[in-house]
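Visitor: My structure is below; once you've seen it, I'll send some questions.
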Amino acid sequence: MEHPSAALVPEVDIRTLIQRGYGDATVLSLQERSAPIAGPGEVLIRVAGAAIDRGTWHITTGLPRMARLGLGLRRPKAEVPGLDVAGTVVGLGAGVTRFALGDRVFGIARGSLTECAVALESKLARVPQACPVADAAALGVSGSTALQALDAARVGPGSRVLVIGASGGVGHFAVQIAAGRGAQVTAVCSGSKREAVLGFGASTVLVRERDDLELLTERFDAIVDMAATRSYRQLRRLLADQGRYVFVGAETGGPWTGGFLRPARAALRYRWSAKPFVMLIARERAAELETLAALVDEGILTPHIDARYRLDEVGEALDRLVSGLVVGKVCIAIGDS
């Protein structure tokens with residue numbers, strides 16, 4: 001009997017990005033492989049678009065080195081990099097009930113930098129009607145992280161929120177979602193990105209190169225930090241009573257720990273204080289993806305695409321990602337959208 005995942009997939013090879021080790025873009029090569037098969041609880045997606053984030057860069061370089069304990073000591077356990085995905089369902093594994101062949105979906109796949117990718121149905125949602133299918137790839141990882149960070153910070157109507165690193169993949173979503181909840185958003189970014197961040201819904205934008213946070217007199221109900229350029233001790237005084245600091249990530253540390261030791265110590269020290277330090281560990285769930293899709297259709301959220309590259313230009317895309325110039329997300333165009 002024909003396997004259900006072969007329903008709409010012709011017997012042809014597909015282009016797939018393969019990673020053979022850790023390093024720069026030279027460890028990546030575009031090859032032709034057979035299309036994967038969806039297993040139980042999985043769907044097969046003909047990929048229209050993917051997106052890359054710092055996680056893709058970490059997997060490619062193997063940095064920080066402590067991450068290799070989970071990624072693979074000598075080489076990545078997963079040959080195909082990439083997580084963010086959007087496209088059309090062309091195969092269904094056993095037990096899949098939420099999707100049908102032909103549905104347009106987005107979310108998180110098991111290796112998205114390929115023409116056909118496999119994903120758990122529990123990590124997918126339907127593409128919002130107001131969003132081109134390829135652009136929906138930008139929503140998965142960064143959008144879910146932003147949503148969970150704001151939930152952890154308990155941001156709601158009237159909240160005063162400081163978003164540090166407001167122009168990046170997670171940051172630009174966090175500003176939009178917080179503003180959509182009725183919060184008053186103060187954002188921190190570089191001067192060249194100020195106008196873009198104002199357009200995302202920030203009421204005030206502080207320029208990183210010019211404005212000193214230590215001179216602020218305002219107190220915030222929440223600080224959501226994507227940059228970690230200042231210690232929690234420095235930022236703690238900016239929190240109102242019962243205010244919460246949510247640490248999302250850092251790219252300023254060394255090659256072994258990536259700057260996570262300091263925030264990890266702070267999380268242990270201040271977890272139960274009156275102004276708690278929350279070290280976010282984002283989860284990959286359909287619930288957040290469905291919320292993101294609804295926000296897009298309501299006009300509250302729009303993924304900002306900084307640049308688009310082809311599948312054979314992922315190395316250039318990664319260079320763009322770490323250049324410090326990106327506003328929003330870097331996307332990879334793969335199939336017809």
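Residues are referred to by chain and number: the chain letter is A, B, ... according to the order shown in the structure tokens, the number counts from 1 in that chain, and ligands are numbered separately from 1 in the order shown.
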May I have the residues within 12 Å of segment 291-295 of chain A as an MDAnalysis selection string, using only C-alpha atoms and disregarding those fewer than 2 positions away in the same chain?

Guide: chainID A and resid 105:107 124:133 135:148 173:174 176:181 285:289 297:303

Visitor: Just list as a ChimeraX atom specification whatever in segment 200-278 of chain A DSSP marks as strand (DSSP E or B).

Guide: /A:204-207,220-225,239-247,277-278

Visitor: Can I get the selection written as an mmCIF file, in the first residue's frame, with C-alpha atoms?

Guide:
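Result saved to part_15.cif:
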```
data_model
loop_
_atom_site.group_PDB
_atom_site.id
_atom_site.type_symbol
_atom_site.label_atom_id
_atom_site.label_comp_id
_atom_site.auth_asym_id
_atom_site.auth_seq_id
_atom_site.Cartn_x
_atom_site.Cartn_y
_atom_site.Cartn_z
ATOM 1 C CA THR A 204 9.608 55.969 22.785
ATOM 2 C CA VAL A 205 12.871 54.810 21.180
ATOM 3 C CA LEU A 206 16.195 55.142 22.971
ATOM 4 C CA VAL A 207 19.270 55.130 20.747
ATOM 5 C CA PHE A 220 9.021 49.807 34.113
ATOM 6 C CA ASP A 221 6.676 46.963 34.938
ATOM 7 C CA ALA A 222 8.711 44.699 32.666
ATOM 8 C CA ILE A 223 12.064 44.612 30.916
ATOM 9 C CA VAL A 224 12.439 42.191 27.995
ATOM 10 C CA ASP A 225 16.115 41.910 27.054
ATOM 11 C CA LEU A 239 11.989 48.056 37.481
ATOM 12 C CA ALA A 240 8.928 49.147 39.396
ATOM 13 C CA ASP A 241 7.977 47.274 42.552
ATOM 14 C CA GLN A 242 7.070 43.708 41.533
ATOM 15 C CA GLY A 243 8.491 44.372 38.051
ATOM 16 C CA ARG A 244 9.882 41.437 36.095
ATOM 17 C CA TYR A 245 13.052 41.137 33.999
ATOM 18 C CA VAL A 246 12.952 38.523 31.217
ATOM 19 C CA PHE A 247 16.262 37.478 29.694
ATOM 20 C CA PHE A 277 14.886 37.561 36.940
ATOM 21 C CA VAL A 278 13.296 35.162 34.442
#
```

Visitor: Given the choices A:Glu79, A:Gly335, A:Leu73, A:Glu115, which gets closest to Asp13 of chain A if the distance is worked out from only C-alpha atoms?

Guide: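 Smallest distance to Asp13 of chain A is found for A:Glu115.
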
Visitor: Quick one: of A:Gly49, A:Pro255, A:Pro81, A:Gly55, who's nearest to Gly169 of chain A, counting only C-alpha atoms?

Guide: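 Distance minimum relative to Gly169 of chain A lands on A:Gly55.
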
Visitor: Quick check, in Å to one decimal: how far apart do atom CA of Ala187 of chain A and atom CA of Ile164 of chain A lie?

Guide: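 Separation between atom CA of Ala187 of chain A and atom CA of Ile164 of chain A: 6.0 Å.
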
Visitor: Could you tell me how far atom CA of Pro263 of chain A lies from atom CA of Leu235 of chain A, in Å and to one decimal?

Guide: 12.4 Å

Visitor: Go through A:Leu120, A:Ala86, A:Met279, A:Leu28 and flag the residue nearest Arg98 of chain A, using only C-alpha atoms for the distances.

Guide: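 Nearest candidate to Arg98 of chain A out of A:Leu120, A:Ala86, A:Met279, A:Leu28: A:Leu120.
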
Visitor: I need the residue nearest Leu113 of chain A from this list: A:Arg310, A:Lys193, A:Arg320, A:Arg75. Use only C-alpha atoms for the distance.

Guide: A:Arg310

Visitor: Figure out the distance between atom CA of Ala227 of chain A and atom CA of Ala196 of chain A, please, to one decimal in Å.

Guide: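 It comes out at 17.8 Å.
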